[in-house]
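Student: Below: one structure in structure tokens.
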Amino acid sequence: MNQRTLANQIKAKGIGLHTGHESIMTLRPAPVDTGIVFRRIDQDPAVEFKVSPEIVGETMLCTTIVSDQPQGRIKIATIEHLMSALAGVGIDNVYIDIDSDEVPIMDGSSSHFIFLLQSAGINIQDAPKRFIRILKPIRVENDKGGSAEFSPYDGFRLNFSIDFDHPAFSATAEKMTLEFSSTSYFKEVSRARTFGFMKDMEMLRQKNLALGASLDNAIGLDDKGVMNVEGLRNKDEFVRHKILDAVGDLYMIGHPIIGEFTAHKSGHALNNQLLRSLKAQPDAYEIVSFEEGPAPVHFGSSKILV
């Protein structure tokens, strides 16, 4: 179980869900132990963001990384779907060059990013992959009834439950468990799209949010139900997308997790708070590798490796 990077450089272009800004994003191979590094190449000099829980500066409706520079606060918004795809494929080291302030939303899921990564090819590197193993329970809560917690588990299991007072949710499952592997991630959650409520659109746009949102890149919900003509991709798409988001948010710790994640009404803020709480308690985790024998978390297959 060794570290992975891309075999080739690859580009993607699209608009941001919240800013509406168009950006070109280039993913490049990176050496062993580089980690995941975002780079705002429209800045002079380029501003680098090495992934960690501490660089998350904003969590309203998306995960935004920030860096305070002489020219002001530099941001990259809505990184969670790309981070989720990187976690799903098991990429440890990559440079992500972007010429604007938000990752393209694509279709609102992580499936386009997975296709991008598979098209670039995966290079197995000559160094062991490192994992974060949870050693004792860690739990965080908010004042809205939300909670998120880690507990020891020999694998990576995600349990998520949601609770929305809306007709569209009465006909769909409100909880789901995913035994994580690349195969289960691709099959169960990668195509689940982000969703939003039309009643919130005016308020969001006054806050310069959802400026690029459309029914092409999100599930829209009016007072009666789903607005998209094609409907949902599966009946549990809402909770599946929340797991997709959680996979991306949790990968901000920089390594795959060996443990169980359980969340109720959690979002980007609580997910990040959980990571920070974990790092604040060094006896709650350890970093491990599996140089001999199989790891308890499985990534990919020969079909996506070169």
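Chain labels follow the order of the structure tokens: the first chain is A, the next B, and so on; residue numbering restarts at 1 in every chain, and ligands are counted from 1 in their shown order.
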Mind the document's chain letters and residue numbers, and return as a PyMOL selection string the residues of range 92-249 of chain A that DSSP labels helix (DSSP H, G or I).
Tutor: chain A and resi 111-120+167-170+182-188+198-206+237-249
Student: For range 60-77 of chain A, please output as a PyMOL selection string all residues within 7 Å (counting only C-alpha atoms; exclusion window: fewer than 3 positions along the same chain).
Tutor: chain A and resi 55-57+80+101-103+268
Student: For Ala7 in chain A, find every residue with an atom within 12 Å (counting only C-alpha atoms), except residues of its own chain fewer than 6 positions away, and show them as a PyMOL selection string.
Tutor: chain A and resi 27-31+91+93-94+116-125+304-306
Student: Take the selection from the previous step and output its residues with all heavy atoms, as a compact mmCIF listing (two decimals), in the first residue's frame.
Tutor:
```
# COMPACT_ATOMS: atom_id res chain seq x y z
N LEU A 27 -4.16 19.82 -12.73
CA LEU A 27 -3.68 18.87 -11.72
C LEU A 27 -2.38 18.28 -12.23
O LEU A 27 -2.29 17.80 -13.37
CB LEU A 27 -4.71 17.77 -11.48
CG LEU A 27 -5.90 18.11 -10.59
CD1 LEU A 27 -6.79 19.17 -11.23
CD2 LEU A 27 -6.72 16.87 -10.29
N ARG A 28 -1.33 18.31 -11.36
CA ARG A 28 0.00 17.88 -11.77
C ARG A 28 0.55 16.84 -10.80
O ARG A 28 0.29 16.90 -9.60
CB ARG A 28 0.96 19.08 -11.81
CG ARG A 28 0.58 20.14 -12.82
CD ARG A 28 1.66 21.22 -12.92
NE ARG A 28 1.73 22.06 -11.73
CZ ARG A 28 2.76 22.10 -10.89
NH1 ARG A 28 3.81 21.32 -11.08
NH2 ARG A 28 2.75 22.92 -9.84
N PRO A 29 1.36 15.90 -11.29
CA PRO A 29 2.01 14.95 -10.39
C PRO A 29 2.89 15.67 -9.38
O PRO A 29 3.42 16.76 -9.66
CB PRO A 29 2.86 14.09 -11.34
CG PRO A 29 2.24 14.27 -12.69
CD PRO A 29 1.69 15.66 -12.71
N ALA A 30 3.05 15.07 -8.20
CA ALA A 30 3.89 15.64 -7.14
C ALA A 30 4.72 14.54 -6.50
O ALA A 30 4.31 13.38 -6.45
CB ALA A 30 3.02 16.33 -6.09
N PRO A 31 5.91 14.88 -5.99
CA PRO A 31 6.79 13.87 -5.39
C PRO A 31 6.21 13.28 -4.11
O PRO A 31 5.27 13.81 -3.51
CB PRO A 31 8.08 14.67 -5.09
CG PRO A 31 8.00 15.89 -5.93
CD PRO A 31 6.55 16.21 -6.07
N ILE A 91 -5.40 9.45 -3.90
CA ILE A 91 -4.26 10.28 -4.27
C ILE A 91 -3.67 10.92 -3.02
O ILE A 91 -4.36 11.59 -2.26
CB ILE A 91 -4.67 11.38 -5.27
CG1 ILE A 91 -5.20 10.75 -6.56
CG2 ILE A 91 -3.51 12.32 -5.56
CD1 ILE A 91 -4.18 9.97 -7.34
N ASN A 93 -0.42 12.70 -3.24
CA ASN A 93 0.44 13.81 -3.61
C ASN A 93 0.01 14.39 -4.94
O ASN A 93 -0.03 13.68 -5.95
CB ASN A 93 1.90 13.33 -3.71
CG ASN A 93 2.35 12.61 -2.45
OD1 ASN A 93 2.32 13.17 -1.37
ND2 ASN A 93 2.76 11.35 -2.59
N VAL A 94 -0.30 15.68 -4.96
CA VAL A 94 -0.73 16.33 -6.20
C VAL A 94 -0.64 17.84 -6.04
O VAL A 94 -0.87 18.38 -4.95
CB VAL A 94 -2.17 15.91 -6.58
CG1 VAL A 94 -3.19 16.39 -5.56
CG2 VAL A 94 -2.54 16.37 -7.99
N LEU A 116 -11.57 12.70 -14.37
CA LEU A 116 -10.36 13.48 -14.64
C LEU A 116 -9.13 12.75 -14.09
O LEU A 116 -8.12 12.59 -14.79
CB LEU A 116 -10.50 14.86 -14.00
CG LEU A 116 -9.58 15.97 -14.46
CD1 LEU A 116 -9.95 16.41 -15.88
CD2 LEU A 116 -9.67 17.16 -13.51
N LEU A 117 -9.23 12.29 -12.86
CA LEU A 117 -8.10 11.60 -12.23
C LEU A 117 -7.78 10.29 -12.95
O LEU A 117 -6.61 9.95 -13.18
CB LEU A 117 -8.41 11.33 -10.76
CG LEU A 117 -8.62 12.56 -9.87
CD1 LEU A 117 -9.15 12.15 -8.51
CD2 LEU A 117 -7.34 13.37 -9.74
N GLN A 118 -8.82 9.54 -13.31
CA GLN A 118 -8.60 8.28 -14.02
C GLN A 118 -8.00 8.53 -15.40
O GLN A 118 -7.19 7.74 -15.88
CB GLN A 118 -9.90 7.51 -14.11
CG GLN A 118 -10.39 6.98 -12.77
CD GLN A 118 -11.70 6.24 -12.88
OE1 GLN A 118 -12.49 6.49 -13.77
NE2 GLN A 118 -11.94 5.33 -11.94
N SER A 119 -8.41 9.62 -16.04
CA SER A 119 -7.87 9.95 -17.36
C SER A 119 -6.39 10.30 -17.28
O SER A 119 -5.61 9.99 -18.19
CB SER A 119 -8.64 11.12 -17.98
OG SER A 119 -10.00 10.78 -18.18
N ALA A 120 -5.98 10.95 -16.18
CA ALA A 120 -4.57 11.30 -16.00
C ALA A 120 -3.74 10.07 -15.69
O ALA A 120 -2.53 10.02 -15.98
CB ALA A 120 -4.43 12.31 -14.86
N GLY A 121 -4.38 9.05 -15.11
CA GLY A 121 -3.66 7.84 -14.71
C GLY A 121 -3.06 7.99 -13.33
O GLY A 121 -2.78 9.10 -12.87
N ILE A 122 -2.87 6.88 -12.65
CA ILE A 122 -2.37 6.86 -11.29
C ILE A 122 -0.98 6.26 -11.27
O ILE A 122 -0.76 5.18 -11.83
CB ILE A 122 -3.30 6.05 -10.35
CG1 ILE A 122 -4.75 6.48 -10.53
CG2 ILE A 122 -2.85 6.20 -8.91
CD1 ILE A 122 -5.04 7.93 -10.28
N ASN A 123 -0.05 6.95 -10.63
CA ASN A 123 1.32 6.47 -10.51
C ASN A 123 1.57 6.01 -9.07
O ASN A 123 1.40 6.79 -8.13
CB ASN A 123 2.30 7.59 -10.88
CG ASN A 123 3.74 7.14 -10.80
OD1 ASN A 123 4.06 5.98 -11.05
ND2 ASN A 123 4.62 8.06 -10.45
N ILE A 124 1.93 4.73 -8.90
CA ILE A 124 2.26 4.20 -7.58
C ILE A 124 3.70 4.59 -7.25
O ILE A 124 4.62 4.28 -8.01
CB ILE A 124 2.10 2.67 -7.54
CG1 ILE A 124 0.68 2.27 -7.98
CG2 ILE A 124 2.39 2.15 -6.13
CD1 ILE A 124 -0.41 2.82 -7.11
N GLN A 125 3.89 5.26 -6.10
CA GLN A 125 5.19 5.81 -5.74
C GLN A 125 5.95 4.89 -4.78
O GLN A 125 5.37 4.01 -4.14
CB GLN A 125 5.01 7.21 -5.14
CG GLN A 125 4.37 8.17 -6.14
CD GLN A 125 4.10 9.54 -5.55
OE1 GLN A 125 3.21 9.70 -4.71
NE2 GLN A 125 4.86 10.54 -5.98
N ILE A 304 -7.57 1.41 -12.97
CA ILE A 304 -7.28 2.83 -12.94
C ILE A 304 -5.80 3.12 -12.69
O ILE A 304 -5.41 4.24 -12.50
CB ILE A 304 -8.12 3.58 -11.90
CG1 ILE A 304 -7.74 3.14 -10.47
CG2 ILE A 304 -9.59 3.41 -12.15
CD1 ILE A 304 -8.33 4.03 -9.40
N LEU A 305 -4.96 2.07 -12.70
CA LEU A 305 -3.56 2.27 -12.42
C LEU A 305 -2.73 2.14 -13.69
O LEU A 305 -3.07 1.41 -14.60
CB LEU A 305 -3.06 1.25 -11.39
CG LEU A 305 -3.84 1.21 -10.05
CD1 LEU A 305 -3.27 0.13 -9.16
CD2 LEU A 305 -3.79 2.55 -9.37
N VAL A 306 -1.63 2.90 -13.74
CA VAL A 306 -0.70 2.79 -14.87
C VAL A 306 0.72 2.64 -14.34
O VAL A 306 0.98 2.98 -13.20
CB VAL A 306 -0.77 4.03 -15.78
CG1 VAL A 306 -2.15 4.15 -16.41
CG2 VAL A 306 -0.42 5.29 -15.04
```
Student: Which residue, A:Gly90, A:Gly231, A:Gly259, A:Gly225, has the smallest gap to Tyr285 in chain A when you use only C-alpha atoms?
Tutor: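 Looking only at the distances to Tyr285 in chain A, the closest residue turns out to be A:Gly259.
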Student: Write out as a short mmCIF file (atom, residue, chain, number, x, y, z; two decimals) with all heavy atoms, in the first residue's frame the residues lying within 7 Å of range 242-245 of chain A, counting only C-alpha atoms and excluding same-chain residues fewer than 2 positions away.
Tutor:
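Now in selection21.cif:
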```
data_model
loop_
_atom_site.label_atom_id
_atom_site.label_comp_id
_atom_site.auth_asym_id
_atom_site.auth_seq_id
_atom_site.Cartn_x
_atom_site.Cartn_y
_atom_site.Cartn_z
N GLU A 80 -14.41 20.84 -1.58
CA GLU A 80 -14.76 19.56 -0.96
C GLU A 80 -15.05 18.44 -1.96
O GLU A 80 -14.74 17.27 -1.69
CB GLU A 80 -15.95 19.73 0.00
CG GLU A 80 -17.24 20.21 -0.64
CD GLU A 80 -17.40 21.72 -0.67
OE1 GLU A 80 -16.39 22.43 -0.48
OE2 GLU A 80 -18.54 22.18 -0.88
N HIS A 81 -15.63 18.76 -3.12
CA HIS A 81 -15.95 17.69 -4.08
C HIS A 81 -14.67 17.15 -4.73
O HIS A 81 -14.54 15.94 -4.95
CB HIS A 81 -16.91 18.19 -5.15
CG HIS A 81 -18.21 18.67 -4.59
ND1 HIS A 81 -19.11 19.40 -5.34
CD2 HIS A 81 -18.76 18.55 -3.36
CE1 HIS A 81 -20.17 19.70 -4.58
NE2 HIS A 81 -19.97 19.19 -3.38
N SER A 84 -12.95 15.10 -2.15
CA SER A 84 -13.64 13.83 -2.02
C SER A 84 -13.19 12.86 -3.10
O SER A 84 -12.93 11.68 -2.83
CB SER A 84 -15.15 14.06 -2.10
OG SER A 84 -15.88 12.91 -1.75
N PHE A 160 -24.11 8.56 8.37
CA PHE A 160 -24.60 9.94 8.28
C PHE A 160 -26.12 9.94 8.32
O PHE A 160 -26.77 9.11 7.66
CB PHE A 160 -24.12 10.60 6.99
CG PHE A 160 -23.92 12.09 7.11
CD1 PHE A 160 -22.65 12.63 7.13
CD2 PHE A 160 -25.00 12.95 7.22
CE1 PHE A 160 -22.46 14.00 7.25
CE2 PHE A 160 -24.83 14.31 7.35
CZ PHE A 160 -23.55 14.84 7.36
N VAL A 189 -21.68 6.83 -3.83
CA VAL A 189 -21.84 8.26 -3.53
C VAL A 189 -21.27 9.23 -4.55
O VAL A 189 -21.63 10.41 -4.55
CB VAL A 189 -21.25 8.60 -2.13
CG1 VAL A 189 -21.92 7.80 -1.04
CG2 VAL A 189 -19.75 8.41 -2.10
N SER A 190 -20.38 8.79 -5.44
CA SER A 190 -19.65 9.74 -6.28
C SER A 190 -20.55 10.55 -7.22
O SER A 190 -20.20 11.67 -7.60
CB SER A 190 -18.56 9.02 -7.09
OG SER A 190 -19.13 8.17 -8.07
N PHE A 238 -29.72 12.78 -1.48
CA PHE A 238 -29.40 13.85 -0.54
C PHE A 238 -28.39 13.38 0.51
O PHE A 238 -27.35 14.02 0.72
CB PHE A 238 -30.67 14.37 0.15
CG PHE A 238 -31.71 14.88 -0.80
CD1 PHE A 238 -32.94 14.25 -0.92
CD2 PHE A 238 -31.47 16.01 -1.57
CE1 PHE A 238 -33.90 14.72 -1.79
CE2 PHE A 238 -32.42 16.49 -2.45
CZ PHE A 238 -33.65 15.84 -2.56
N VAL A 239 -28.68 12.28 1.18
CA VAL A 239 -27.77 11.81 2.23
C VAL A 239 -26.48 11.26 1.62
O VAL A 239 -25.40 11.37 2.22
CB VAL A 239 -28.47 10.77 3.14
CG1 VAL A 239 -28.70 9.45 2.42
CG2 VAL A 239 -27.65 10.55 4.41
N ARG A 240 -26.56 10.71 0.42
CA ARG A 240 -25.34 10.26 -0.25
C ARG A 240 -24.40 11.44 -0.52
O ARG A 240 -23.18 11.32 -0.38
CB ARG A 240 -25.68 9.54 -1.55
CG ARG A 240 -26.33 8.17 -1.36
CD ARG A 240 -26.82 7.59 -2.68
NE ARG A 240 -27.66 6.43 -2.46
CZ ARG A 240 -27.26 5.16 -2.58
NH1 ARG A 240 -26.00 4.91 -2.91
NH2 ARG A 240 -28.08 4.17 -2.36
N VAL A 247 -16.49 12.89 3.16
CA VAL A 247 -15.25 12.24 2.71
C VAL A 247 -14.22 13.31 2.30
O VAL A 247 -13.04 13.22 2.66
CB VAL A 247 -15.52 11.28 1.54
CG1 VAL A 247 -14.21 10.80 0.89
CG2 VAL A 247 -16.33 10.08 2.02
N GLY A 248 -14.67 14.32 1.57
CA GLY A 248 -13.77 15.40 1.16
C GLY A 248 -13.29 16.25 2.33
O GLY A 248 -12.10 16.57 2.44
N ASP A 249 -14.22 16.62 3.21
CA ASP A 249 -13.84 17.44 4.36
C ASP A 249 -12.85 16.71 5.26
O ASP A 249 -11.90 17.30 5.77
CB ASP A 249 -15.09 17.81 5.18
CG ASP A 249 -15.94 18.89 4.51
OD1 ASP A 249 -15.43 19.58 3.60
OD2 ASP A 249 -17.11 19.03 4.90
#
```
Student: DSSP on the backbone, then: every residue of range 63-242 of chain A marked strand (DSSP E or B), written as a count of residues only.
Tutor: 57
